[in-house]
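Student: File coords32.txt below, compact mmCIF, C-alpha atoms and all ligand atoms:
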# COMPACT_ATOMS: atom_id res chain seq x y z
CA MET Q 1 -1.79 -16.26 14.74
CA GLY Q 2 -0.33 -19.78 14.85
CA LYS Q 3 3.21 -20.61 13.82
CA ASN Q 4 2.06 -22.38 10.69
CA ASP Q 5 -0.33 -19.67 9.72
CA VAL Q 6 1.70 -18.19 6.91
CA THR Q 7 -0.99 -16.16 5.22
CA ASN Q 8 -2.74 -12.94 5.92
CA THR Q 9 -4.53 -12.86 2.67
CA VAL Q 10 -7.24 -10.51 1.54
CA GLY Q 11 -8.08 -12.85 -1.30
CA GLU Q 12 -6.63 -15.61 -3.30
CA ASN Q 13 -8.28 -15.92 -6.67
CA ASP Q 14 -5.47 -16.63 -9.05
CA ASN Q 15 -6.83 -14.41 -11.80
CA GLU Q 16 -5.24 -11.38 -10.10
CA ASN Q 17 -3.75 -9.97 -13.31
CA GLU Q 18 -6.49 -11.27 -15.55
CA ASN Q 19 -6.89 -8.60 -18.16
CA LEU Q 20 -7.21 -5.10 -16.86
CA ASN Q 21 -4.20 -3.02 -16.04
CA LEU Q 22 -4.69 -1.67 -12.54
CA PHE Q 23 -1.91 0.86 -12.96
CA THR Q 24 -3.45 2.54 -16.02
CA SER Q 25 -6.93 2.66 -14.46
CA THR Q 26 -5.48 4.22 -11.31
CA GLN Q 27 -3.76 6.90 -13.38
CA ILE Q 28 -7.06 7.71 -15.11
CA VAL Q 29 -8.93 8.25 -11.83
CA ILE Q 30 -6.05 10.27 -10.33
CA HIS Q 31 -6.15 12.48 -13.43
CA ASP Q 32 -9.93 12.97 -13.07
CA ALA Q 33 -9.58 13.86 -9.39
CA LEU Q 34 -6.78 16.37 -10.01
CA LYS Q 35 -8.81 18.02 -12.75
CA LYS Q 36 -11.88 18.30 -10.51
CA LEU Q 37 -9.70 19.96 -7.87
CA GLY Q 38 -8.34 22.42 -10.43
CA PHE Q 39 -4.72 21.26 -10.14
CA THR Q 40 -2.39 21.59 -13.14
CA GLU Q 41 -0.95 18.84 -15.36
CA ASN Q 42 2.31 19.26 -13.41
CA ALA Q 43 0.58 17.72 -10.41
CA PHE Q 44 -0.33 14.71 -12.55
CA GLU Q 45 3.29 14.46 -13.76
CA ILE Q 46 4.39 14.06 -10.13
CA LEU Q 47 1.63 11.64 -9.10
CA LYS Q 48 1.22 9.52 -12.22
CA GLU Q 49 3.77 6.95 -11.12
CA PRO Q 50 6.00 6.08 -8.16
CA VAL Q 51 9.05 8.25 -7.54
CA ARG Q 52 11.08 5.12 -6.88
CA MET Q 53 10.80 1.51 -8.06
CA LEU Q 54 13.36 -1.09 -7.08
CA ARG Q 55 13.54 -4.55 -8.66
CA VAL Q 56 15.65 -7.10 -6.83
CA ARG Q 57 16.79 -10.71 -7.31
CA ILE Q 58 16.85 -12.75 -4.10
CA PRO Q 59 18.84 -16.01 -3.94
CA VAL Q 60 17.32 -18.47 -1.44
CA ARG Q 61 18.78 -21.78 -0.26
CA MET Q 62 15.94 -24.28 -0.63
CA ASP Q 63 15.40 -27.25 1.72
CA ASP Q 64 16.79 -29.69 -0.90
CA GLY Q 65 20.12 -27.83 -1.01
CA SER Q 66 19.54 -26.06 -4.34
CA VAL Q 67 19.46 -22.28 -4.72
CA LYS Q 68 16.42 -20.60 -6.26
CA VAL Q 69 16.45 -16.94 -7.26
CA PHE Q 70 13.21 -14.99 -6.65
CA THR Q 71 12.25 -11.60 -8.11
CA GLY Q 72 11.00 -8.89 -5.77
CA TYR Q 73 9.88 -5.28 -6.01
CA ARG Q 74 9.50 -2.25 -3.79
CA ALA Q 75 7.68 0.82 -5.08
CA GLN Q 76 7.56 4.21 -3.33
CA HIS Q 77 4.89 6.39 -4.82
CA ASN Q 78 5.25 9.82 -3.23
CA ASP Q 79 7.24 10.97 -0.20
CA SER Q 80 6.23 14.63 -0.12
CA VAL Q 81 4.07 14.26 3.01
CA GLY Q 82 6.45 11.95 4.89
CA PRO Q 83 7.97 8.47 4.68
CA THR Q 84 6.19 5.94 2.50
CA ILE Q 85 4.29 3.00 4.01
CA GLY Q 86 2.65 -0.11 2.61
CA GLY Q 87 2.46 -3.86 2.57
CA ILE Q 88 4.50 -6.60 0.95
CA ARG Q 89 2.66 -9.33 -0.92
CA PHE Q 90 3.87 -12.80 -1.75
CA HIS Q 91 2.08 -13.91 -4.91
CA PRO Q 92 2.95 -16.06 -7.94
CA LYS Q 93 1.55 -13.54 -10.40
CA VAL Q 94 2.39 -10.15 -8.93
CA THR Q 95 3.66 -7.76 -11.64
CA GLU Q 96 5.66 -4.56 -11.56
CA ASP Q 97 2.56 -2.62 -12.69
CA ASP Q 98 0.46 -4.16 -9.90
CA VAL Q 99 3.01 -3.09 -7.30
CA LYS Q 100 3.05 0.43 -8.75
CA ALA Q 101 -0.76 0.67 -8.67
CA LEU Q 102 -0.86 -0.73 -5.15
CA ALA Q 103 1.71 1.86 -3.99
CA MET Q 104 -0.45 4.61 -5.51
CA TRP Q 105 -3.51 3.28 -3.69
CA MET Q 106 -1.54 3.35 -0.44
CA SER Q 107 -0.81 7.06 -1.03
CA LEU Q 108 -4.53 7.65 -1.53
CA LYS Q 109 -5.43 5.68 1.62
CA CYS Q 110 -2.90 7.74 3.62
CA GLY Q 111 -4.37 10.98 2.26
CA ILE Q 112 -7.92 9.83 3.02
CA ALA Q 113 -7.09 8.83 6.62
CA ASP Q 114 -4.91 11.94 6.98
CA LEU Q 115 -1.75 10.03 7.91
CA PRO Q 116 1.72 11.65 7.73
CA PHE Q 117 2.84 9.25 5.00
CA GLY Q 118 2.91 8.58 1.28
CA GLY Q 119 2.29 5.17 -0.25
CA GLY Q 120 4.64 2.27 -0.87
CA LYS Q 121 4.20 -1.38 -1.77
CA GLY Q 122 6.35 -4.46 -2.17
CA GLY Q 123 5.94 -7.80 -3.81
CA ILE Q 124 7.79 -11.05 -4.28
CA LEU Q 125 6.97 -13.42 -7.12
CA CYS Q 126 6.52 -16.73 -5.32
CA ASN Q 127 3.90 -19.27 -4.37
CA PRO Q 128 3.86 -19.35 -0.56
CA ARG Q 129 1.70 -22.49 -0.59
CA THR Q 130 4.66 -24.46 -1.94
CA LEU Q 131 7.37 -23.02 0.35
CA SER Q 132 8.38 -24.57 3.67
CA PHE Q 133 8.53 -22.51 6.84
CA GLY Q 134 12.34 -22.33 6.59
CA GLU Q 135 12.26 -21.31 2.93
CA LEU Q 136 9.75 -18.56 3.72
CA GLU Q 137 12.01 -17.27 6.49
CA ARG Q 138 15.09 -17.21 4.23
CA LEU Q 139 13.11 -15.50 1.45
CA SER Q 140 11.75 -12.86 3.85
CA ARG Q 141 15.20 -12.12 5.27
CA GLY Q 142 16.76 -12.07 1.77
CA TYR Q 143 14.16 -9.54 0.59
CA VAL Q 144 14.97 -7.20 3.49
CA ARG Q 145 18.71 -7.41 2.74
CA ALA Q 146 17.98 -6.64 -0.92
CA ILE Q 147 15.85 -3.54 -0.27
CA SER Q 148 17.55 -2.38 2.95
CA GLN Q 149 19.09 0.75 1.42
CA ILE Q 150 15.76 2.33 0.56
CA VAL Q 151 13.63 1.33 3.59
CA GLY Q 152 13.64 2.26 7.28
CA PRO Q 153 11.42 3.79 9.99
CA THR Q 154 11.90 7.30 8.60
CA LYS Q 155 12.07 6.32 4.90
CA ASP Q 156 9.65 3.57 3.95
CA ILE Q 157 7.78 1.31 6.37
CA PRO Q 158 6.69 -2.13 5.10
CA ALA Q 159 3.62 -4.00 6.41
CA PRO Q 160 1.65 -7.20 5.69
CA ASP Q 161 -0.42 -7.72 2.56
CA MET Q 162 -1.66 -10.70 0.55
CA TYR Q 163 -0.07 -13.96 1.81
CA THR Q 164 2.17 -12.26 4.37
CA ASN Q 165 1.54 -12.22 8.11
CA SER Q 166 2.89 -11.27 11.53
CA GLN Q 167 5.49 -14.07 11.53
CA ILE Q 168 6.92 -12.82 8.25
CA MET Q 169 6.95 -9.25 9.64
CA ALA Q 170 8.84 -10.56 12.71
CA TRP Q 171 11.57 -12.18 10.56
CA MET Q 172 11.85 -9.02 8.48
CA MET Q 173 12.10 -6.79 11.55
CA ASP Q 174 14.77 -9.06 13.04
CA GLU Q 175 16.79 -9.01 9.81
CA TYR Q 176 16.60 -5.22 9.58
CA SER Q 177 17.58 -4.79 13.27
CA ARG Q 178 20.60 -7.08 12.72
CA LEU Q 179 21.68 -5.15 9.61
CA ARG Q 180 21.47 -1.83 11.46
CA SER Q 181 22.78 -3.24 14.77
CA PHE Q 182 20.01 -1.67 16.83
CA ASP Q 183 16.47 -2.64 17.72
CA SER Q 184 14.17 -1.18 15.06
CA PRO Q 185 10.52 -2.02 15.83
CA GLY Q 186 9.35 1.01 13.80
CA PHE Q 187 10.87 -0.48 10.64
CA ILE Q 188 7.80 -2.59 9.90
CA THR Q 189 4.18 -2.90 11.08
CA GLY Q 190 1.85 -5.85 11.54
CA LYS Q 191 4.31 -7.43 13.98
CA PRO Q 192 3.25 -9.90 16.68
CA ILE Q 193 2.14 -8.10 19.88
CA GLY Q 194 5.18 -9.44 21.78
CA LEU Q 195 7.52 -7.75 19.29
CA GLY Q 196 5.94 -4.29 19.35
CA GLY Q 197 2.80 -5.03 17.34
CA SER Q 198 -0.41 -3.15 18.06
CA GLU Q 199 -3.57 -4.40 19.67
CA GLY Q 200 -6.36 -4.49 17.08
CA ARG Q 201 -3.94 -4.66 14.14
CA GLU Q 202 -4.96 -8.02 12.68
CA GLU Q 203 -8.61 -7.12 12.22
CA ALA Q 204 -8.00 -3.42 11.44
CA GLY Q 205 -8.62 -3.70 7.69
CA ALA Q 206 -11.90 -5.50 8.28
CA LEU Q 207 -12.97 -3.10 11.03
CA GLY Q 208 -12.37 -0.13 8.72
CA ALA Q 209 -14.58 -1.80 6.10
CA ALA Q 210 -17.25 -2.64 8.72
CA ILE Q 211 -17.37 1.01 9.82
CA CYS Q 212 -17.87 2.02 6.14
CA ILE Q 213 -20.65 -0.58 5.85
CA GLU Q 214 -22.43 1.02 8.84
CA GLU Q 215 -22.06 4.51 7.37
CA ALA Q 216 -23.28 3.40 3.92
CA ALA Q 217 -26.25 1.60 5.49
CA LYS Q 218 -27.24 4.78 7.35
CA ILE Q 219 -27.27 6.70 4.04
CA ARG Q 220 -29.51 4.09 2.44
CA GLY Q 221 -31.73 3.86 5.53
CA LEU Q 222 -30.87 0.20 5.94
CA SER Q 223 -30.53 -1.50 9.29
CA ILE Q 224 -27.47 -3.78 9.63
CA LYS Q 225 -29.56 -6.05 11.83
CA GLY Q 226 -31.31 -8.38 9.42
CA ALA Q 227 -29.46 -7.06 6.33
CA ARG Q 228 -28.49 -9.81 3.86
CA VAL Q 229 -24.76 -9.75 3.21
CA ILE Q 230 -22.53 -11.48 0.66
CA ILE Q 231 -18.77 -11.53 1.17
CA GLN Q 232 -16.45 -12.62 -1.64
CA GLY Q 233 -13.20 -13.90 -0.11
CA PHE Q 234 -12.65 -15.51 3.29
CA GLY Q 235 -9.06 -14.41 3.91
CA ASN Q 236 -7.99 -11.99 6.61
CA ALA Q 237 -10.39 -9.22 5.53
CA GLY Q 238 -13.34 -11.39 4.47
CA SER Q 239 -13.35 -13.65 7.52
CA PHE Q 240 -13.17 -10.78 10.03
CA ILE Q 241 -15.88 -8.87 8.14
CA ALA Q 242 -18.08 -11.98 8.26
CA LYS Q 243 -17.50 -12.14 12.01
CA PHE Q 244 -18.31 -8.45 12.56
CA MET Q 245 -21.43 -8.60 10.35
CA HIS Q 246 -22.66 -11.73 12.10
CA GLN Q 247 -22.07 -10.14 15.52
CA SER Q 248 -24.05 -7.06 14.41
CA GLY Q 249 -27.07 -9.19 13.55
CA ALA Q 250 -26.69 -9.19 9.75
CA ILE Q 251 -27.52 -12.38 7.89
CA VAL Q 252 -24.47 -13.53 5.95
CA VAL Q 253 -26.05 -15.39 3.02
CA GLY Q 254 -22.92 -15.94 0.93
CA ILE Q 255 -19.16 -16.33 1.29
CA SER Q 256 -16.45 -17.62 -1.02
CA ASP Q 257 -12.82 -18.63 -1.30
CA VAL Q 258 -10.53 -19.46 -4.19
CA TYR Q 259 -12.26 -22.83 -4.76
CA GLY Q 260 -15.88 -21.67 -4.85
CA ALA Q 261 -18.74 -20.11 -2.95
CA LEU Q 262 -21.42 -21.06 -0.43
CA TYR Q 263 -24.84 -19.47 -0.63
CA ASP Q 264 -27.90 -19.95 1.58
CA PRO Q 265 -30.74 -17.38 1.50
CA ASP Q 266 -31.56 -18.29 5.12
CA GLY Q 267 -28.03 -17.45 6.30
CA LEU Q 268 -24.81 -19.43 6.70
CA ASN Q 269 -23.41 -20.77 9.96
CA ILE Q 270 -20.60 -18.23 10.27
CA ASP Q 271 -19.24 -19.48 13.61
CA TYR Q 272 -18.79 -22.94 12.10
CA LEU Q 273 -17.19 -21.60 8.90
CA LEU Q 274 -14.75 -19.45 10.87
CA GLN Q 275 -13.81 -22.44 12.96
CA ARG Q 276 -13.20 -24.67 9.92
CA ARG Q 277 -11.40 -22.09 7.77
CA ASP Q 278 -7.73 -23.01 7.17
CA SER Q 279 -4.73 -20.70 7.34
CA PHE Q 280 -5.04 -19.94 3.60
CA GLY Q 281 -8.61 -18.72 4.13
CA THR Q 282 -10.22 -21.72 2.43
CA VAL Q 283 -13.28 -23.56 3.68
CA THR Q 284 -15.67 -24.23 0.79
CA SER Q 285 -13.97 -27.47 -0.28
CA LEU Q 286 -15.49 -29.09 2.83
CA PHE Q 287 -18.97 -28.75 1.31
CA ASP Q 288 -20.95 -30.17 -1.60
CA GLY Q 289 -23.23 -27.91 -3.61
CA THR Q 290 -20.91 -24.94 -3.94
CA ILE Q 291 -21.41 -22.34 -6.64
CA SER Q 292 -18.78 -20.27 -8.45
CA ASN Q 293 -17.41 -16.90 -7.33
CA GLU Q 294 -18.98 -15.34 -10.43
CA GLU Q 295 -22.42 -16.75 -9.56
CA LEU Q 296 -22.14 -15.53 -5.97
CA LEU Q 297 -21.55 -11.92 -7.03
CA GLU Q 298 -24.85 -11.92 -8.92
CA LYS Q 299 -27.00 -13.30 -6.07
CA GLU Q 300 -29.54 -11.00 -4.48
CA CYS Q 301 -28.44 -9.27 -1.27
CA ASP Q 302 -28.50 -5.89 0.47
CA ILE Q 303 -24.75 -5.48 0.90
CA LEU Q 304 -22.06 -7.00 -1.30
CA ILE Q 305 -18.48 -6.99 -0.04
CA PRO Q 306 -15.79 -7.95 -2.54
CA ALA Q 307 -12.93 -8.92 -0.19
CA ALA Q 308 -10.93 -11.13 -2.52
CA THR Q 309 -8.95 -9.67 -5.36
CA SER Q 310 -8.94 -7.21 -8.25
CA ASN Q 311 -11.12 -7.03 -11.39
CA GLN Q 312 -14.07 -9.01 -10.03
CA ILE Q 313 -16.87 -6.61 -10.99
CA THR Q 314 -16.37 -5.64 -14.62
CA ALA Q 315 -18.44 -4.26 -17.51
CA LYS Q 316 -19.52 -7.87 -18.09
CA ASN Q 317 -21.30 -8.49 -14.77
CA ALA Q 318 -21.96 -4.96 -13.41
CA HIS Q 319 -25.49 -5.02 -14.91
CA SER Q 320 -26.27 -8.27 -13.10
CA ILE Q 321 -25.24 -7.23 -9.57
CA ARG Q 322 -28.31 -7.28 -7.31
CA ALA Q 323 -27.03 -5.45 -4.22
CA LYS Q 324 -28.04 -2.04 -2.85
CA ILE Q 325 -24.61 -1.25 -1.41
CA ILE Q 326 -21.14 -2.45 -2.41
CA VAL Q 327 -18.22 -1.95 -0.04
CA GLU Q 328 -14.83 -2.78 -1.56
CA ALA Q 329 -12.67 -4.48 1.07
CA ALA Q 330 -10.24 -5.82 -1.56
CA ASN Q 331 -7.89 -3.65 -3.58
CA GLY Q 332 -9.28 -2.85 -7.05
CA PRO Q 333 -12.22 -5.29 -7.24
CA THR Q 334 -14.30 -3.04 -9.53
CA THR Q 335 -13.12 -1.69 -12.89
CA ILE Q 336 -13.67 1.90 -14.02
CA GLU Q 337 -16.35 0.82 -16.52
CA ALA Q 338 -18.18 -1.18 -13.87
CA THR Q 339 -18.02 1.74 -11.43
CA LYS Q 340 -19.84 3.87 -14.01
CA VAL Q 341 -22.52 1.25 -14.60
CA LEU Q 342 -23.09 0.75 -10.86
CA SER Q 343 -23.41 4.47 -10.13
CA GLU Q 344 -25.83 4.90 -13.05
CA ARG Q 345 -27.87 2.07 -11.54
CA GLY Q 346 -27.97 3.93 -8.20
CA ILE Q 347 -25.92 1.33 -6.32
CA LEU Q 348 -23.90 2.94 -3.54
CA LEU Q 349 -20.27 1.89 -4.05
CA VAL Q 350 -17.78 2.59 -1.25
CA PRO Q 351 -14.34 2.48 -2.89
CA ASP Q 352 -11.34 0.43 -1.79
CA VAL Q 353 -9.16 3.43 -0.96
CA LEU Q 354 -11.69 4.39 1.73
CA ALA Q 355 -13.09 0.99 2.81
CA GLY Q 356 -9.57 -0.48 2.89
CA ALA Q 357 -7.88 2.35 4.78
CA GLY Q 358 -8.25 0.68 8.20
CA GLY Q 359 -5.12 -1.49 7.83
CA VAL Q 360 -2.71 1.32 7.12
CA THR Q 361 -4.36 3.54 9.75
CA VAL Q 362 -3.58 1.01 12.46
CA SER Q 363 -0.12 0.53 10.91
CA TYR Q 364 0.35 4.23 11.58
CA PHE Q 365 -0.87 3.71 15.16
CA GLU Q 366 1.62 0.85 15.55
CA TRP Q 367 4.48 3.03 14.26
CA VAL Q 368 3.49 5.84 16.66
CA GLN Q 369 3.39 3.40 19.60
CA ASN Q 370 6.83 2.05 18.62
CA LYS Q 371 8.21 5.58 18.46
CA GLN Q 372 6.86 6.56 21.87
CA GLY Q 373 7.50 3.16 23.45
CA TYR Q 374 4.07 3.31 25.04
CA TYR Q 375 1.29 0.94 24.05
CA TRP Q 376 -2.46 1.45 23.82
CA ASP Q 377 -5.23 -0.99 24.66
CA GLU Q 378 -7.57 -2.40 22.03
CA LYS Q 379 -10.37 0.03 22.85
CA GLU Q 380 -8.11 3.01 22.30
CA VAL Q 381 -6.96 1.65 18.93
CA ARG Q 382 -10.54 0.91 17.83
CA ASP Q 383 -11.89 4.28 18.98
CA LYS Q 384 -9.12 6.16 17.20
CA LEU Q 385 -9.66 4.10 14.03
CA ARG Q 386 -13.42 4.70 14.08
CA LYS Q 387 -12.93 8.44 14.46
CA LYS Q 388 -10.64 8.61 11.42
CA ILE Q 389 -12.74 6.38 9.14
CA VAL Q 390 -16.08 8.04 10.01
CA TYR Q 391 -14.57 11.48 9.42
CA ALA Q 392 -13.07 10.37 6.08
CA PHE Q 393 -16.35 8.75 4.98
CA GLN Q 394 -18.43 11.83 5.77
CA GLN Q 395 -15.97 14.17 4.07
CA ILE Q 396 -15.90 12.01 0.91
CA TYR Q 397 -19.69 11.64 0.84
CA GLU Q 398 -20.11 15.40 1.10
CA ILE Q 399 -17.62 16.05 -1.72
CA SER Q 400 -19.35 13.45 -3.87
CA ASN Q 401 -22.67 15.30 -3.42
CA ASN Q 402 -21.27 18.80 -3.79
CA SER Q 403 -19.08 18.05 -6.82
CA ASN Q 404 -21.51 15.61 -8.39
CA VAL Q 405 -18.97 12.79 -8.71
CA ASN Q 406 -19.12 9.19 -7.58
CA LEU Q 407 -17.56 8.17 -4.26
CA ARG Q 408 -14.45 6.79 -5.99
CA VAL Q 409 -13.57 10.11 -7.63
CA ALA Q 410 -14.47 11.96 -4.40
CA ALA Q 411 -12.18 9.62 -2.42
CA TYR Q 412 -9.35 10.19 -4.89
CA MET Q 413 -9.91 13.96 -4.56
CA VAL Q 414 -9.41 13.74 -0.79
CA GLY Q 415 -6.55 11.25 -1.26
CA VAL Q 416 -4.43 13.40 -3.57
CA ARG Q 417 -4.99 16.81 -2.03
CA LYS Q 418 -2.42 16.75 0.76
CA MET Q 419 0.23 15.18 -1.51
CA VAL Q 420 -0.19 17.89 -4.11
CA GLU Q 421 -0.05 20.63 -1.49
CA ALA Q 422 3.05 19.13 0.13
CA SER Q 423 4.70 18.75 -3.29
CA GLU Q 424 3.92 22.41 -4.03
CA PHE Q 425 5.45 23.56 -0.73
CA ARG Q 426 8.57 21.54 -1.51
CA GLY Q 427 8.84 23.22 -4.90
CA TRP Q 428 8.32 20.01 -6.89
CA ILE Q 429 5.36 21.42 -8.78
N1 LIG Q 501 -2.01 -4.34 3.05
C1 LIG Q 501 -2.58 -3.09 3.43
C2 LIG Q 501 -3.41 -2.49 2.32
O1 LIG Q 501 -3.45 -2.96 1.20
C3 LIG Q 501 -1.49 -2.08 3.71
C4 LIG Q 501 -0.61 -2.43 4.76
C5 LIG Q 501 -1.17 -2.19 6.11
O2 LIG Q 501 -2.09 -2.86 6.47
O3 LIG Q 501 -0.61 -1.34 6.77
O4 LIG Q 501 -4.05 -1.50 2.57
Let me see whether you can do it: turn the structure in this file into structure tokens.
Ligand code: GLU
Tutor:
Amino acid sequence: MGKNDVTNTVGENDNENENLNLFTSTQIVIHDALKKLGFTENAFEILKEPVRMLRVRIPVRMDDGSVKVFTGYRAQHNDSVGPTIGGIRFHPKVTEDDVKALAMWMSLKCGIADLPFGGGKGGILCNPRTLSFGELERLSRGYVRAISQIVGPTKDIPAPDMYTNSQIMAWMMDEYSRLRSFDSPGFITGKPIGLGGSEGREEAGALGAAICIEEAAKIRGLSIKGARVIIQGFGNAGSFIAKFMHQSGAIVVGISDVYGALYDPDGLNIDYLLQRRDSFGTVTSLFDGTISNEELLEKECDILIPAATSNQITAKNAHSIRAKIIVEAANGPTTIEATKVLSERGILLVPDVLAGAGGVTVSYFEWVQNKQGYYWDEKEVRDKLRKKIVYAFQQIYEISNNSNVNLRVAAYMVGVRKMVEASEFRGWI
């Protein structure tokens, strides 16, 4: 990643907090899953919100000499299984409720991939597009100083998320190591390789989603070769998924970014688009004849991959989706109502907590490598990731069939189970 590449975004549509409260919807599905598993209301009391939520104010010296104070958050959902882990997003509209929901999703992803962690998430209210490189560095370091008491390699491990990347992780790791006066690579994941990062980390989220796409295609008897694919979002996840799909012989007929979408039923020139994409994951402004993100979602295709942001498929457009399979590479792209409509229509929907578990799985691998001081090659990382995601997918698919629930509820059932059991052993329930 280049020095000026300050984003590692999974999507950038600025209607992130549009209308639907992600936190409340997450609570509803967690409640459903616990009920299906026969757990008591006490289990819901423990899991219904993060055990810890810190709100901080971060003063930053701006390039013009003034001081601007930014608001930041760090949520830790549940630490019964082990330390918490999860990304930090830089976004102008991130809310406390979003951070809470995102921390809960991280717990579910950890449960699904069977990692020895609970979920955490951080956020800073800022617009990284308007900050200089120096301002971003001072903000990143200031955030670590502000949350330093509650994070650490055995407490809570941050990672990249929307608009944060390996350079930001490097500054944060350096700040933490200075505060503690010893080298602490295991404090944070998503670092550059030269600073203890893992091979295969950057594309891990996308690879996890691509593995789920293969598994879902097998179920539907669809060959990836020749399948028509639409990807909403061309950030870190979307662009790598486009690359993987193209390499597997799929025909990518649509992609989009925050400014609009490109659609060609004969297939887009993915190599060219990847080459021209900027560090904020935007490319469509180079073309005439774009359509809107909303229009793209309703185009006919075999596989639709929302890889942008939350609340994209809602009760309003769920009836108009014309895909056979949907694989959620973004966090929360489909509302609860839309999930119901899509499953009634027989569309196979692979939920975010499964399709998006690749990132945190390789974060776990990075943490393990830091702990043992011994580093794996890319093949080893990929093979280990594939094994975990395929196992999780098959387990969730089986539960969905046996318990007659959709894949989202089945994924939540797998995601909560270990946390509830660990909480019981600890005497919290
Ligand atoms: N940003 C990732 C996610 O939303 C979590 C952090 C990671 O990749 O480890 O799943």
Student: Looking at all atoms listed in the file, which of Q:Gly356, Q:Gly208, Q:Gly267, Q:Gly221 is the one that sits closest to ligand LIG 501 (chain Q)?
Tutor: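 Using all atoms listed in the file, ligand LIG 501 (chain Q) sits closest to Q:Gly356.
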Student: Name the closest residue to ligand LIG 501 (chain Q) among the candidates Q:Lys243, Q:Arg201, Q:Lys387, Q:Lys155; distances are taken between atoms, counting all atoms listed in the file.
Tutor: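 Comparing Q:Lys243, Q:Arg201, Q:Lys387, Q:Lys155 against ligand LIG 501 (chain Q), the winner is Q:Arg201.
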Student: Given all atoms listed in the file as the basis, pick out the residue of Q:Gly196, Q:Gly87, Q:Gly233, Q:Gly142 nearest to ligand LIG 501 (chain Q).
Tutor: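 Counting all atoms listed in the file, the residue closest to ligand LIG 501 (chain Q) is Q:Gly87.
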Student: Could you build a table of the residues in chain Q lying no more than 6 Å from ligand LIG 501 (chain Q), giving for each the nearest pair of atoms and their separation in Å rounded to one decimal place, using all atoms listed in the file, ordered by chain and ascending residue number, as CSV?
Tutor:
residue,atom,partner,partner_atom,distance
Q:Gly86,CA,Q:LIG501,C4,4.5
Q:Gly87,CA,Q:LIG501,C4,4.0
Q:Ala159,CA,Q:LIG501,C4,4.8
Q:Pro160,CA,Q:LIG501,N1,5.3
Q:Asp161,CA,Q:LIG501,N1,3.8
Q:Gly356,CA,Q:LIG501,O4,5.6
Q:Ala357,CA,Q:LIG501,O4,5.9
Q:Gly359,CA,Q:LIG501,O2,3.6
Q:Val360,CA,Q:LIG501,O3,3.4
Q:Ser363,CA,Q:LIG501,O3,4.6
Student: Compile the contact shell of Val67 (chain Q) as an MDAnalysis selection string: residues with an atom at most 12 Å away, counting all atoms listed in the file, same-chain residues fewer than 3 positions apart removed.
Tutor: chainID Q and resid 58:64 70 135 138:139
Student: Within 8 Å of Ala307 (chain Q), counting all atoms listed in the file, which residues qualify if same-chain residues fewer than 5 places away don't, as a VMD selection string?
Tutor: chain Q and resid 10 to 11 231 to 235 237 to 238 328 to 330 333
Student: I need the residues from that last selection saved to file as a compact mmCIF listing (two decimals), in the frame of the given file (with C-alpha atoms), if you can.
Tutor:
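Wrote it out as again-v9.txt, contents follow:
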# COMPACT_ATOMS: atom_id res chain seq x y z
CA VAL Q 10 -7.24 -10.51 1.54
CA GLY Q 11 -8.08 -12.85 -1.30
CA ILE Q 231 -18.77 -11.53 1.17
CA GLN Q 232 -16.45 -12.62 -1.64
CA GLY Q 233 -13.20 -13.90 -0.11
CA PHE Q 234 -12.65 -15.51 3.29
CA GLY Q 235 -9.06 -14.41 3.91
CA ALA Q 237 -10.39 -9.22 5.53
CA GLY Q 238 -13.34 -11.39 4.47
CA GLU Q 328 -14.83 -2.78 -1.56
CA ALA Q 329 -12.67 -4.48 1.07
CA ALA Q 330 -10.24 -5.82 -1.56
CA PRO Q 333 -12.22 -5.29 -7.24
Student: What lies within 12 Å of Gly346 (chain Q) using all atoms listed in the file, ignoring chain neighbours under 2 positions off, as a PyMOL selection string?
Tutor: chain Q and resi 220+318-319+321-326+339-344+348-349+406-407
Student: Find, counting only C-alpha atoms, the residue in Q:Lys299, Q:His91, Q:Arg386, Q:Arg408 that gets nearest to Leu354 (chain Q).
Tutor: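 The shortest atom-to-atom distance to Leu354 (chain Q) comes from Q:Arg408.
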Student: Let me make sure I understand: among Q:Ile213, Q:Val81, Q:Val94, Q:Val229, which one has the smallest atom-to-atom distance to Leu125 (chain Q) if we use all atoms listed in the file?
Tutor: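 That would be Q:Val94, the residue with the smallest distance to Leu125 (chain Q).
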Student: Counting only C-alpha atoms, figure out which residue out of Q:Ile147, Q:Met413, Q:Val381, Q:Cys110 gets nearest to Val368 (chain Q).
Tutor: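 Counting only C-alpha atoms, the residue closest to Val368 (chain Q) is Q:Val381.
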Student: Any idea what's packed within 12 Å of Met104 (chain Q), counting only C-alpha atoms, ignoring anything in its chain fewer than 6 positions away? Could you give it as a VMD selection string?
Tutor: chain Q and resid 22 to 27 29 to 30 46 to 53 75 to 79 84 to 86 97 to 98 110 to 111 117 to 122 331 to 332 353 412 415 to 416 419
Student: For CA of Val362 (chain Q) and CA of Ala206 (chain Q), determine how far apart the two atoms are, in Å to one decimal place.
Tutor: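 That distance, rounded to one decimal, is 11.4 Å.
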Student: List the spatial neighbours of region 214-217 of chain Q as a list in words - criterion: any atom at most 9 Å away, only C-alpha atoms, same-chain residues fewer than 5 positions off excluded.
Tutor: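 Close residues of region 214-217 of chain Q: Ala209, Leu222, Ser223, Ile224, Ile303, Ile325, Ile326, Val327, Leu348, Leu349, Val350, Val390, Phe393 and Gln394 of chain Q.
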Student: If you measure from CA of Tyr272 (chain Q) to CA of Phe240 (chain Q), what distance in Å do you get, rounded to one decimal?
Tutor: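 Between these atoms lies a distance of 13.6 Å.
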Student: Rounded to one decimal place, report the CA of Arg228 (chain Q)-CA of Gln247 (chain Q) distance in Å.
Tutor: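 Computing it gives 13.3 Å between the two atoms.
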